[in-house]
2 protein chains.
Amino acid sequence: MSQQGERFPRISNIPAYQRVAEMIEQEIVSGRLRPGEALGTEAELVKQFGVNRSTVREGIRLLEQGGLIRRDPSRRLIVGLPHYDKLSTRVSRALILHQVSFLELWEATMALGLATFELAMNRATPELIERLERNIAETEAAKHDPARVGELDGEFHILLEEASGNRVLQLAREPSNMLIYSVTELVVGDISHGAERLIQAHRMLVQSLKDKDVELGKLWTRRHLNDWRKGFELGGRDLNQPLDSVLLDATRMRESASRSAAE
Amino acid sequence: MSQQGERFPRISNIPAYQRVAEMIEQEIVSGRLRPGEALGTEAELVKQFGVNRSTVREGIRLLEQGGLIRRDPSRRLIVGLPHYDKLSTRVSRALILHQVSFLELWEATMALGLATFELAMNRATPELIERLERNIAETEAAKHDPARVGELDGEFHILLEEASGNRVLQLAREPSNMLIYSVTELVVGDISHGAERLIQAHRMLVQSLKDKDVELGKLWTRRHLNDWRKGFELGGRDLNQPLDSVLLDATRMRESASRSAAE
DNA sequence: ACCAATTTGTCCGTATGTATG
DNA sequence: TCATACATACGGACAAATTGG
């Protein structure tokens with residue numbers, strides 16, 4: 001231990017529940033505790049840390065939210081592998097709170113989409129191509145349900161990411177995924193034949209994957225996203241308007257529509 | 001006990017502390033509580049929710065970690081705007097846990113870097129260019145300290161993102177930022193003149209921003225990242241090896257070096 | 001299907017440190 | 001300086017749920 005110099009870095013200034021959380025976190029990230037393992041009972045943690053049970057519980061809550069710890073069916077604490085979607089909801093809320101515009105979303109989606117496609121081209125397996133084709137078939141069947149189309153479109157792009165074999169790219173896109181679904185639902189909903197154009201684009205993308213035709217794939221990625229953008233603009237919306245207000249308006253309209261339908 | 005079918009999904013089974021967290025969260029995301037506003041004291045929340053103090057505190061911890069709630073200097077609770085870096089540490093831990101390789105990191109960084117640069121070209125303000133130049137000067141001064149160079153390199157790229165004016169792209173890169181710093185520190189540390197090459201690349205990037213020369217900027221972005229990759233490989237490391245083990249090894253070596261130096 | 005032990009969820013009361021006026 | 005309000009932390013308690021015999 002370093003004896004001199006810093007004196008003691010005011011360890012006591014950090015609340016005990018935070019230190020409990022940090023120490024558990026350390027055990028996990030260092031690999032001494034592995035995902036799936038039991039963390040032990042609260043009583044055991046009380047003994048180990050020498051703090052009150054309430055304090056332990058507060059510390060646990062901190063980690064629970066991040067997904068680093070979760071409860072198994074019997075509510076015992078186990079180490080969890082924070083999974084993408086767990087994190088992404090929080091992050092996409094941050095996006096909304098930060099009031100990004102459609103333009104920002106579109107630019108980023110374009111950049112990530114092109115890169116994803118290029119990588120997917122070299123790495124796509126027959127199995128993934130088949131899943132992409134199944135997704136297209138499902139979309140075809142659901143083309144009159146905008147919400148479902150938005151979901152399936154999201155799934156399609158997630159499959160492409162998976163095909164790219166690059167988890168960093170996958171994670172990079174995650175924050176915006178939820179926003180993308182919502183906007184797509186909006187766009188498909190008020191453009192006639194919106195779903196058809198989307199399906200055609202997806203078909204061409206899969207085709208170019210099969211033919212290993214990079215340029216065709218990039219071309220259709222651009223077309224697909226340009227369509228998306230045009231659809232957004234055709235709804236009379238402003239590219240630079242914060243998306244949260246756009247989506248909020250849409251939700252309100254949907255709600256009032258369903259209310260009046262109920263009466 | 002419930003006798004028949006599934007009836008209602010056991011609402012009473014959701015712990016009170018979670019419901020407390022959800023209700024507060026709702027107030028915030030719905031906009032009824034705005035970032036910066038005070039949340040009220042614990043005692044007040046106890047009254048409003050009709051639960052015990054401990055329960056309220058556990059609920060608060062859940063939100064605290066996500067950044068939705070902060071404490072001001074006097075430890076009073078206020079609504080916080082979850083900021084990028086708060087989230088990113090969690091996400092980059094997820095990355096490490098998921099054992100991504102350098103190759104994945106490199107591919108994603110390349111795609112995002114090129115896109116960022118293109119946008120920054122059109123939107124960079126004189127003020128940001130000046131900050132970029134100051135960063136280069138600082139890097140020059142610290143070129144013998146790998147850790148500091150890694151930090152400043154990270155800052156440089158964050159400034160570029162800021163210049164791009166695209167917060168989605170910014171967020172997309174966030175997860176990997178911490179990994180990038182660490183790897184850069186590693187690479188700069190064991191390549192002679194590694195820092196010089198890095199500084200030159202940064203200089204050329206700023207120059208092309210000033211001249212609005214997109215192609216030059218992209219060229220140097222590629223060079224910069226190819227250098228980074230070569231540096232990684234020169235250290236005898238495998239592009240496909242999970243990064244967490246690479247970084248763990250490096251940390252161990254640094255620790256044993258400082259231990260033996262202390263004796 | 002019942003019972004006993006364990007564990008979590010919740011509550012109560014109280015003490016201490018600290019920031020604010 | 002002192003008083004107050006508040007967050008932090010502790011100890012003990014009981015009910016409800018879960019587990020294992």
# chains A, B, ... in the order shown; residues from 1 in each chain; ligands from 1
call {"tool": "interface_residues", "arguments": {"of": "chain A", "to": "chain D", "cutoff": "12 Å", "atoms": "only C-alpha atoms (C1' of nucleotides)", "output": "short mmCIF file (atom, residue, chain, number, x, y, z; two decimals) with all heavy atoms, in the first residue's frame"}}
result
data_model
loop_
_atom_site.label_atom_id
_atom_site.label_comp_id
_atom_site.auth_asym_id
_atom_site.auth_seq_id
_atom_site.Cartn_x
_atom_site.Cartn_y
_atom_site.Cartn_z
N SER A 12 -13.88 7.80 2.47
CA SER A 12 -15.09 7.85 3.29
C SER A 12 -16.11 8.82 2.73
O SER A 12 -17.23 8.87 3.15
CB SER A 12 -14.74 8.26 4.72
OG SER A 12 -14.10 9.51 4.70
N ASN A 13 -15.68 9.59 1.73
CA ASN A 13 -16.59 10.54 1.14
C ASN A 13 -17.54 9.86 0.16
O ASN A 13 -18.60 10.38 -0.15
CB ASN A 13 -15.80 11.64 0.44
CG ASN A 13 -16.53 12.96 0.49
OD1 ASN A 13 -17.68 12.99 0.93
ND2 ASN A 13 -15.90 14.02 0.07
N ILE A 14 -17.10 8.72 -0.34
CA ILE A 14 -17.96 7.98 -1.25
C ILE A 14 -18.94 7.17 -0.42
O ILE A 14 -18.53 6.42 0.46
CB ILE A 14 -17.13 7.03 -2.13
CG1 ILE A 14 -16.08 7.83 -2.89
CG2 ILE A 14 -18.02 6.28 -3.09
CD1 ILE A 14 -15.11 6.96 -3.63
N PRO A 15 -20.23 7.33 -0.70
CA PRO A 15 -21.23 6.60 0.09
C PRO A 15 -20.97 5.10 0.07
O PRO A 15 -20.49 4.56 -0.94
CB PRO A 15 -22.54 6.92 -0.62
CG PRO A 15 -22.30 8.18 -1.35
CD PRO A 15 -20.83 8.20 -1.69
N ALA A 16 -21.32 4.45 1.15
CA ALA A 16 -21.04 3.02 1.28
C ALA A 16 -21.76 2.21 0.21
O ALA A 16 -21.21 1.24 -0.32
CB ALA A 16 -21.45 2.55 2.67
N TYR A 17 -22.97 2.59 -0.12
CA TYR A 17 -23.71 1.77 -1.08
C TYR A 17 -23.03 1.81 -2.45
O TYR A 17 -23.07 0.83 -3.19
CB TYR A 17 -25.17 2.22 -1.17
CG TYR A 17 -25.41 3.56 -1.79
CD1 TYR A 17 -25.58 3.68 -3.16
CD2 TYR A 17 -25.47 4.72 -1.03
CE1 TYR A 17 -25.80 4.91 -3.74
CE2 TYR A 17 -25.68 5.95 -1.59
CZ TYR A 17 -25.85 6.05 -2.95
OH TYR A 17 -26.06 7.26 -3.54
N GLN A 18 -22.39 2.94 -2.75
CA GLN A 18 -21.67 3.01 -4.02
C GLN A 18 -20.44 2.14 -4.00
O GLN A 18 -20.09 1.51 -5.00
CB GLN A 18 -21.28 4.46 -4.32
CG GLN A 18 -22.42 5.29 -4.83
CD GLN A 18 -21.98 6.68 -5.28
OE1 GLN A 18 -20.80 6.92 -5.50
NE2 GLN A 18 -22.93 7.59 -5.39
N VAL A 46 -23.83 -8.92 3.36
CA VAL A 46 -23.76 -8.10 4.57
C VAL A 46 -22.53 -8.49 5.39
O VAL A 46 -21.77 -7.63 5.83
CB VAL A 46 -25.04 -8.29 5.43
CG1 VAL A 46 -24.83 -7.72 6.82
CG2 VAL A 46 -26.23 -7.63 4.74
N GLY A 50 -19.52 -6.02 5.65
CA GLY A 50 -19.61 -5.41 6.97
C GLY A 50 -20.47 -4.16 7.00
O GLY A 50 -20.16 -3.21 7.72
N VAL A 51 -21.48 -4.12 6.18
CA VAL A 51 -22.41 -2.99 6.21
C VAL A 51 -23.82 -3.51 6.45
O VAL A 51 -24.05 -4.71 6.46
CB VAL A 51 -22.38 -2.19 4.89
CG1 VAL A 51 -21.02 -1.58 4.67
CG2 VAL A 51 -22.79 -3.08 3.74
N ASN A 52 -24.70 -2.58 6.60
CA ASN A 52 -26.08 -2.96 6.88
C ASN A 52 -26.76 -3.53 5.64
O ASN A 52 -26.39 -3.24 4.51
CB ASN A 52 -26.85 -1.74 7.36
CG ASN A 52 -28.21 -2.14 7.88
OD1 ASN A 52 -29.17 -2.21 7.13
ND2 ASN A 52 -28.29 -2.43 9.16
N ARG A 53 -27.78 -4.30 5.90
CA ARG A 53 -28.46 -4.94 4.78
C ARG A 53 -29.10 -3.90 3.85
O ARG A 53 -29.07 -4.04 2.63
CB ARG A 53 -29.54 -5.89 5.30
CG ARG A 53 -30.18 -6.67 4.19
CD ARG A 53 -30.91 -7.91 4.66
NE ARG A 53 -31.97 -8.22 3.72
CZ ARG A 53 -33.24 -8.25 4.03
NH1 ARG A 53 -33.63 -7.99 5.27
NH2 ARG A 53 -34.13 -8.54 3.13
N SER A 54 -29.66 -2.86 4.39
CA SER A 54 -30.25 -1.81 3.54
C SER A 54 -29.20 -1.24 2.60
O SER A 54 -29.47 -0.96 1.44
CB SER A 54 -30.81 -0.69 4.41
OG SER A 54 -31.64 -1.21 5.41
N THR A 55 -28.01 -1.08 3.12
CA THR A 55 -26.92 -0.53 2.31
C THR A 55 -26.57 -1.47 1.17
O THR A 55 -26.39 -1.05 0.03
CB THR A 55 -25.69 -0.29 3.20
OG1 THR A 55 -26.10 0.47 4.33
CG2 THR A 55 -24.61 0.43 2.44
N VAL A 56 -26.47 -2.74 1.51
CA VAL A 56 -26.20 -3.73 0.46
C VAL A 56 -27.29 -3.66 -0.61
O VAL A 56 -27.00 -3.65 -1.81
CB VAL A 56 -26.15 -5.15 1.05
CG1 VAL A 56 -26.20 -6.19 -0.06
CG2 VAL A 56 -24.89 -5.32 1.87
N GLU A 58 -29.20 -1.20 -1.49
CA GLU A 58 -29.08 -0.02 -2.34
C GLU A 58 -27.97 -0.20 -3.37
O GLU A 58 -28.11 0.18 -4.53
CB GLU A 58 -28.82 1.23 -1.48
CG GLU A 58 -30.05 1.67 -0.72
CD GLU A 58 -29.83 2.99 0.03
OE1 GLU A 58 -29.15 3.87 -0.51
OE2 GLU A 58 -30.32 3.10 1.17
N ASP A 72 -32.82 -14.20 -10.76
CA ASP A 72 -33.34 -15.39 -11.43
C ASP A 72 -34.79 -15.55 -11.00
O ASP A 72 -35.30 -14.78 -10.20
CB ASP A 72 -32.46 -16.60 -11.13
CG ASP A 72 -32.55 -17.03 -9.68
OD1 ASP A 72 -33.36 -16.46 -8.94
OD2 ASP A 72 -31.80 -17.93 -9.29
N PRO A 73 -35.48 -16.57 -11.56
CA PRO A 73 -36.91 -16.72 -11.26
C PRO A 73 -37.22 -16.71 -9.76
O PRO A 73 -38.27 -16.25 -9.35
CB PRO A 73 -37.25 -18.07 -11.88
CG PRO A 73 -36.25 -18.25 -12.97
CD PRO A 73 -35.01 -17.52 -12.56
N SER A 74 -36.31 -17.22 -8.99
CA SER A 74 -36.57 -17.27 -7.56
C SER A 74 -36.11 -16.00 -6.86
O SER A 74 -36.04 -15.95 -5.65
CB SER A 74 -35.88 -18.48 -6.94
OG SER A 74 -34.48 -18.27 -6.93
N ARG A 75 -35.74 -15.03 -7.64
CA ARG A 75 -35.34 -13.72 -7.12
C ARG A 75 -33.97 -13.72 -6.47
O ARG A 75 -33.59 -12.75 -5.82
CB ARG A 75 -36.36 -13.19 -6.13
CG ARG A 75 -37.65 -12.79 -6.81
CD ARG A 75 -38.58 -12.11 -5.86
NE ARG A 75 -39.56 -11.32 -6.59
CZ ARG A 75 -40.74 -10.99 -6.11
NH1 ARG A 75 -41.07 -11.37 -4.91
NH2 ARG A 75 -41.56 -10.25 -6.81
N ARG A 76 -33.25 -14.79 -6.62
CA ARG A 76 -31.87 -14.74 -6.12
C ARG A 76 -31.03 -13.94 -7.09
O ARG A 76 -31.32 -13.90 -8.28
CB ARG A 76 -31.33 -16.14 -5.96
CG ARG A 76 -31.81 -16.80 -4.69
CD ARG A 76 -31.14 -18.13 -4.43
NE ARG A 76 -31.55 -18.64 -3.15
CZ ARG A 76 -32.77 -19.09 -2.88
NH1 ARG A 76 -33.68 -19.10 -3.82
NH2 ARG A 76 -33.09 -19.53 -1.68
#
call {"tool": "select_by_dssp", "arguments": {"residues": "segment 26-215 of chain B", "states": "alpha helix (DSSP H)", "output": "number ranges by chain"}}
result
B: 26-29, 42-49, 53-66, 84-97, 102-123, 126-141, 146-164, 167-190, 194-211, 214-215
call {"tool": "closest_atom_pairs", "arguments": {"of": "chain B", "to": "chain A", "cutoff": "9 Å", "atoms": "only C-alpha atoms", "output": "JSON lines"}}
result
{"residue": "B:Val29", "atom": "CA", "partner": "A:Leu97", "partner_atom": "CA", "distance": 8.0}
{"residue": "B:Ser54", "atom": "CA", "partner": "A:Ser54", "partner_atom": "CA", "distance": 7.1}
{"residue": "B:Arg57", "atom": "CA", "partner": "A:Glu58", "partner_atom": "CA", "distance": 7.1}
{"residue": "B:Glu58", "atom": "CA", "partner": "A:Glu58", "partner_atom": "CA", "distance": 5.2}
{"residue": "B:Gly59", "atom": "CA", "partner": "A:Arg61", "partner_atom": "CA", "distance": 7.7}
{"residue": "B:Ile60", "atom": "CA", "partner": "A:Arg61", "partner_atom": "CA", "distance": 8.7}
{"residue": "B:Arg61", "atom": "CA", "partner": "A:Leu62", "partner_atom": "CA", "distance": 5.4}
{"residue": "B:Leu62", "atom": "CA", "partner": "A:Arg61", "partner_atom": "CA", "distance": 5.3}
{"residue": "B:Leu63", "atom": "CA", "partner": "A:Gln65", "partner_atom": "CA", "distance": 7.5}
{"residue": "B:Glu64", "atom": "CA", "partner": "A:Leu62", "partner_atom": "CA", "distance": 7.2}
{"residue": "B:Gln65", "atom": "CA", "partner": "A:Leu62", "partner_atom": "CA", "distance": 5.4}
{"residue": "B:Gly66", "atom": "CA", "partner": "A:Gln65", "partner_atom": "CA", "distance": 7.2}
{"residue": "B:Leu81", "atom": "CA", "partner": "A:Leu97", "partner_atom": "CA", "distance": 7.4}
{"residue": "B:Pro82", "atom": "CA", "partner": "A:Ala94", "partner_atom": "CA", "distance": 6.1}
{"residue": "B:His83", "atom": "CA", "partner": "A:Ala94", "partner_atom": "CA", "distance": 7.3}
{"residue": "B:Tyr84", "atom": "CA", "partner": "A:Ala94", "partner_atom": "CA", "distance": 8.0}
{"residue": "B:Leu87", "atom": "CA", "partner": "A:Val91", "partner_atom": "CA", "distance": 7.1}
{"residue": "B:Arg90", "atom": "CA", "partner": "A:Gly66", "partner_atom": "CA", "distance": 7.1}
{"residue": "B:Val91", "atom": "CA", "partner": "A:Leu87", "partner_atom": "CA", "distance": 7.1}
{"residue": "B:Arg93", "atom": "CA", "partner": "A:Val29", "partner_atom": "CA", "distance": 7.7}
{"residue": "B:Ala94", "atom": "CA", "partner": "A:Pro82", "partner_atom": "CA", "distance": 6.1}
{"residue": "B:Leu95", "atom": "CA", "partner": "A:Val168", "partner_atom": "CA", "distance": 7.4}
{"residue": "B:Ile96", "atom": "CA", "partner": "A:Val29", "partner_atom": "CA", "distance": 8.7}
{"residue": "B:Leu97", "atom": "CA", "partner": "A:Leu81", "partner_atom": "CA", "distance": 7.6}
{"residue": "B:His98", "atom": "CA", "partner": "A:Arg167", "partner_atom": "CA", "distance": 8.4}
{"residue": "B:Val100", "atom": "CA", "partner": "A:Arg167", "partner_atom": "CA", "distance": 6.7}
{"residue": "B:Ser101", "atom": "CA", "partner": "A:Asn166", "partner_atom": "CA", "distance": 8.9}
{"residue": "B:Leu103", "atom": "CA", "partner": "A:Asn166", "partner_atom": "CA", "distance": 8.6}
{"residue": "B:Glu104", "atom": "CA", "partner": "A:Asn166", "partner_atom": "CA", "distance": 5.3}
{"residue": "B:Leu105", "atom": "CA", "partner": "A:Val168", "partner_atom": "CA", "distance": 6.0}
{"residue": "B:Glu107", "atom": "CA", "partner": "A:Asn166", "partner_atom": "CA", "distance": 7.9}
{"residue": "B:Ala108", "atom": "CA", "partner": "A:Leu169", "partner_atom": "CA", "distance": 5.3}
{"residue": "B:Thr109", "atom": "CA", "partner": "A:Leu169", "partner_atom": "CA", "distance": 8.5}
{"residue": "B:Ala111", "atom": "CA", "partner": "A:Ala115", "partner_atom": "CA", "distance": 5.9}
{"residue": "B:Leu112", "atom": "CA", "partner": "A:Ala111", "partner_atom": "CA", "distance": 7.0}
{"residue": "B:Leu114", "atom": "CA", "partner": "A:Ala111", "partner_atom": "CA", "distance": 8.6}
{"residue": "B:Ala115", "atom": "CA", "partner": "A:Ala111", "partner_atom": "CA", "distance": 5.9}
{"residue": "B:Thr116", "atom": "CA", "partner": "A:Ala111", "partner_atom": "CA", "distance": 8.8}
{"residue": "B:Leu119", "atom": "CA", "partner": "A:Glu107", "partner_atom": "CA", "distance": 8.8}
{"residue": "B:Gly165", "atom": "CA", "partner": "A:Glu104", "partner_atom": "CA", "distance": 8.1}
{"residue": "B:Asn166", "atom": "CA", "partner": "A:Glu104", "partner_atom": "CA", "distance": 5.3}
{"residue": "B:Arg167", "atom": "CA", "partner": "A:Val100", "partner_atom": "CA", "distance": 6.7}
{"residue": "B:Val168", "atom": "CA", "partner": "A:Leu105", "partner_atom": "CA", "distance": 6.0}
{"residue": "B:Leu169", "atom": "CA", "partner": "A:Ala108", "partner_atom": "CA", "distance": 5.3}
{"residue": "B:Leu171", "atom": "CA", "partner": "A:Pro175", "partner_atom": "CA", "distance": 7.3}
{"residue": "B:Ala172", "atom": "CA", "partner": "A:Ala172", "partner_atom": "CA", "distance": 4.1}
{"residue": "B:Arg173", "atom": "CA", "partner": "A:Ala172", "partner_atom": "CA", "distance": 6.0}
{"residue": "B:Glu174", "atom": "CA", "partner": "A:Ala172", "partner_atom": "CA", "distance": 7.8}
{"residue": "B:Pro175", "atom": "CA", "partner": "A:Ala172", "partner_atom": "CA", "distance": 6.9}
{"residue": "B:Ser176", "atom": "CA", "partner": "A:Val168", "partner_atom": "CA", "distance": 7.0}
call {"tool": "calpha_fit_rmsd", "arguments": {"fixed": "chain B", "moving": "chain A"}}
result
2.8 Å
call {"tool": "closest_residue", "arguments": {"among": "A:Leu159, A:Val206, A:Leu247, A:Leu77", "to": "chain C", "atoms": "only C-alpha atoms (C1' of nucleotides)"}}
result
A:Leu77
call {"tool": "atom_distance", "arguments": {"atom1": "atom CA of Glu37 of chain B", "atom2": "atom CA of Asp244 of chain A"}}
result
20.0 Å
call {"tool": "interface_residues", "arguments": {"of": "chain C", "to": "chain B", "cutoff": "9 Å", "atoms": "only C-alpha atoms (C1' of nucleotides)", "output": "VMD selection string"}}
result
chain C and resid 9 to 12 18 to 20
call {"tool": "decode", "arguments": {"residues": "segment 2-16 of chain C", "atoms": "N, CA, C and O atoms (P, O5', C5', C4', C3', O3' and C1' of nucleotides)", "output": "PDB file, in the first residue's frame"}}
result
ATOM      1  P    DC C   2     -52.035 -29.637   1.250  1.00  0.00           P
ATOM      2  O5'  DC C   2     -50.957 -29.742   2.413  1.00  0.00           O
ATOM      3  C5'  DC C   2     -50.981 -30.878   3.278  1.00  0.00           C
ATOM      4  C4'  DC C   2     -49.692 -30.911   4.045  1.00  0.00           C
ATOM      5  C3'  DC C   2     -49.365 -29.622   4.802  1.00  0.00           C
ATOM      6  O3'  DC C   2     -49.068 -29.940   6.153  1.00  0.00           O
ATOM      7  C1'  DC C   2     -47.507 -30.295   3.502  1.00  0.00           C
ATOM      8  P    DC C   3     -48.937 -28.705   7.169  1.00  0.00           P
ATOM      9  O5'  DC C   3     -47.400 -28.763   7.544  1.00  0.00           O
ATOM     10  C5'  DC C   3     -46.724 -30.022   7.575  1.00  0.00           C
ATOM     11  C4'  DC C   3     -45.244 -29.789   7.769  1.00  0.00           C
ATOM     12  C3'  DC C   3     -44.885 -28.544   8.572  1.00  0.00           C
ATOM     13  O3'  DC C   3     -43.867 -28.874   9.499  1.00  0.00           O
ATOM     14  C1'  DC C   3     -43.833 -28.451   6.451  1.00  0.00           C
ATOM     15  P    DA C   4     -43.514 -27.845  10.642  1.00  0.00           P
ATOM     16  O5'  DA C   4     -42.023 -27.456  10.264  1.00  0.00           O
ATOM     17  C5'  DA C   4     -41.068 -28.477  10.018  1.00  0.00           C
ATOM     18  C4'  DA C   4     -39.780 -27.851   9.512  1.00  0.00           C
ATOM     19  C3'  DA C   4     -39.314 -26.599  10.259  1.00  0.00           C
ATOM     20  O3'  DA C   4     -37.909 -26.669  10.454  1.00  0.00           O
ATOM     21  C1'  DA C   4     -39.650 -26.070   7.967  1.00  0.00           C
ATOM     22  P    DA C   5     -37.140 -25.478  11.141  1.00  0.00           P
ATOM     23  O5'  DA C   5     -36.287 -24.910   9.923  1.00  0.00           O
ATOM     24  C5'  DA C   5     -35.621 -25.824   9.055  1.00  0.00           C
ATOM     25  C4'  DA C   5     -34.955 -25.063   7.928  1.00  0.00           C
ATOM     26  C3'  DA C   5     -34.247 -23.779   8.366  1.00  0.00           C
ATOM     27  O3'  DA C   5     -32.982 -23.695   7.717  1.00  0.00           O
ATOM     28  C1'  DA C   5     -35.868 -23.270   6.705  1.00  0.00           C
ATOM     29  P    DT C   6     -32.029 -22.460   7.990  1.00  0.00           P
ATOM     30  O5'  DT C   6     -32.167 -21.612   6.644  1.00  0.00           O
ATOM     31  C5'  DT C   6     -32.164 -22.301   5.389  1.00  0.00           C
ATOM     32  C4'  DT C   6     -32.532 -21.359   4.266  1.00  0.00           C
ATOM     33  C3'  DT C   6     -31.866 -19.974   4.322  1.00  0.00           C
ATOM     34  O3'  DT C   6     -31.224 -19.748   3.082  1.00  0.00           O
ATOM     35  C1'  DT C   6     -34.190 -19.764   3.956  1.00  0.00           C
ATOM     36  P    DT C   7     -30.252 -18.491   2.863  1.00  0.00           P
ATOM     37  O5'  DT C   7     -31.214 -17.453   2.131  1.00  0.00           O
ATOM     38  C5'  DT C   7     -31.897 -17.871   0.952  1.00  0.00           C
ATOM     39  C4'  DT C   7     -32.799 -16.752   0.480  1.00  0.00           C
ATOM     40  C3'  DT C   7     -32.227 -15.344   0.681  1.00  0.00           C
ATOM     41  O3'  DT C   7     -32.274 -14.634  -0.543  1.00  0.00           O
ATOM     42  C1'  DT C   7     -34.425 -15.473   1.527  1.00  0.00           C
ATOM     43  P    DT C   8     -31.632 -13.162  -0.652  1.00  0.00           P
ATOM     44  O5'  DT C   8     -32.911 -12.316  -1.118  1.00  0.00           O
ATOM     45  C5'  DT C   8     -33.728 -12.795  -2.169  1.00  0.00           C
ATOM     46  C4'  DT C   8     -35.113 -12.188  -2.063  1.00  0.00           C
ATOM     47  C3'  DT C   8     -35.156 -10.654  -2.145  1.00  0.00           C
ATOM     48  O3'  DT C   8     -36.125 -10.264  -3.093  1.00  0.00           O
ATOM     49  C1'  DT C   8     -36.325 -11.412  -0.242  1.00  0.00           C
ATOM     50  P    DG C   9     -36.224  -8.706  -3.539  1.00  0.00           P
ATOM     51  O5'  DG C   9     -37.431  -8.192  -2.627  1.00  0.00           O
ATOM     52  C5'  DG C   9     -38.726  -8.685  -2.890  1.00  0.00           C
ATOM     53  C4'  DG C   9     -39.732  -8.035  -1.947  1.00  0.00           C
ATOM     54  C3'  DG C   9     -39.647  -6.508  -1.878  1.00  0.00           C
ATOM     55  O3'  DG C   9     -40.962  -5.966  -1.968  1.00  0.00           O
ATOM     56  C1'  DG C   9     -39.464  -7.417   0.292  1.00  0.00           C
ATOM     57  P    DT C  10     -41.104  -4.368  -2.131  1.00  0.00           P
ATOM     58  O5'  DT C  10     -41.319  -3.920  -0.622  1.00  0.00           O
ATOM     59  C5'  DT C  10     -42.490  -4.353   0.070  1.00  0.00           C
ATOM     60  C4'  DT C  10     -42.372  -4.016   1.534  1.00  0.00           C
ATOM     61  C3'  DT C  10     -42.118  -2.546   1.851  1.00  0.00           C
ATOM     62  O3'  DT C  10     -43.347  -1.938   2.190  1.00  0.00           O
ATOM     63  C1'  DT C  10     -40.974  -4.061   3.330  1.00  0.00           C
ATOM     64  P    DC C  11     -43.418  -0.390   2.537  1.00  0.00           P
ATOM     65  O5'  DC C  11     -43.134  -0.384   4.109  1.00  0.00           O
ATOM     66  C5'  DC C  11     -43.952  -1.171   4.966  1.00  0.00           C
ATOM     67  C4'  DC C  11     -43.358  -1.170   6.364  1.00  0.00           C
ATOM     68  C3'  DC C  11     -43.051   0.219   6.930  1.00  0.00           C
ATOM     69  O3'  DC C  11     -43.968   0.547   7.966  1.00  0.00           O
ATOM     70  C1'  DC C  11     -41.323  -1.372   7.413  1.00  0.00           C
ATOM     71  P    DC C  12     -44.036   2.022   8.469  1.00  0.00           P
ATOM     72  O5'  DC C  12     -43.124   1.975   9.780  1.00  0.00           O
ATOM     73  C5'  DC C  12     -43.394   1.007  10.782  1.00  0.00           C
ATOM     74  C4'  DC C  12     -42.309   1.058  11.848  1.00  0.00           C
ATOM     75  C3'  DC C  12     -41.886   2.471  12.268  1.00  0.00           C
ATOM     76  O3'  DC C  12     -42.276   2.700  13.608  1.00  0.00           O
ATOM     77  C1'  DC C  12     -39.997   1.045  11.902  1.00  0.00           C
ATOM     78  P    DG C  13     -42.165   4.142  14.198  1.00  0.00           P
ATOM     79  O5'  DG C  13     -40.733   4.146  14.905  1.00  0.00           O
ATOM     80  C5'  DG C  13     -40.357   3.071  15.743  1.00  0.00           C
ATOM     81  C4'  DG C  13     -38.908   3.227  16.139  1.00  0.00           C
ATOM     82  C3'  DG C  13     -38.497   4.673  16.451  1.00  0.00           C
ATOM     83  O3'  DG C  13     -37.829   4.716  17.704  1.00  0.00           O
ATOM     84  C1'  DG C  13     -37.027   3.739  14.836  1.00  0.00           C
ATOM     85  P    DT C  14     -37.323   6.132  18.280  1.00  0.00           P
ATOM     86  O5'  DT C  14     -35.761   6.110  17.911  1.00  0.00           O
ATOM     87  C5'  DT C  14     -35.037   4.894  18.046  1.00  0.00           C
ATOM     88  C4'  DT C  14     -33.620   5.099  17.546  1.00  0.00           C
ATOM     89  C3'  DT C  14     -33.031   6.485  17.850  1.00  0.00           C
ATOM     90  O3'  DT C  14     -31.749   6.319  18.420  1.00  0.00           O
ATOM     91  C1'  DT C  14     -32.740   5.952  15.582  1.00  0.00           C
ATOM     92  P    DA C  15     -31.062   7.559  19.216  1.00  0.00           P
ATOM     93  O5'  DA C  15     -29.595   7.586  18.574  1.00  0.00           O
ATOM     94  C5'  DA C  15     -28.959   6.363  18.212  1.00  0.00           C
ATOM     95  C4'  DA C  15     -27.901   6.657  17.154  1.00  0.00           C
ATOM     96  C3'  DA C  15     -27.184   7.998  17.346  1.00  0.00           C
ATOM     97  O3'  DA C  15     -25.782   7.794  17.177  1.00  0.00           O
ATOM     98  C1'  DA C  15     -28.066   7.859  15.168  1.00  0.00           C
ATOM     99  P    DT C  16     -24.755   8.966  17.560  1.00  0.00           P
ATOM    100  O5'  DT C  16     -24.086   9.358  16.171  1.00  0.00           O
ATOM    101  C5'  DT C  16     -23.758   8.338  15.227  1.00  0.00           C
ATOM    102  C4'  DT C  16     -23.432   8.983  13.896  1.00  0.00           C
ATOM    103  C3'  DT C  16     -22.728  10.344  14.005  1.00  0.00           C
ATOM    104  O3'  DT C  16     -21.641  10.364  13.107  1.00  0.00           O
ATOM    105  C1'  DT C  16     -24.589  10.515  12.589  1.00  0.00           C
TER     106       DT C  16
END
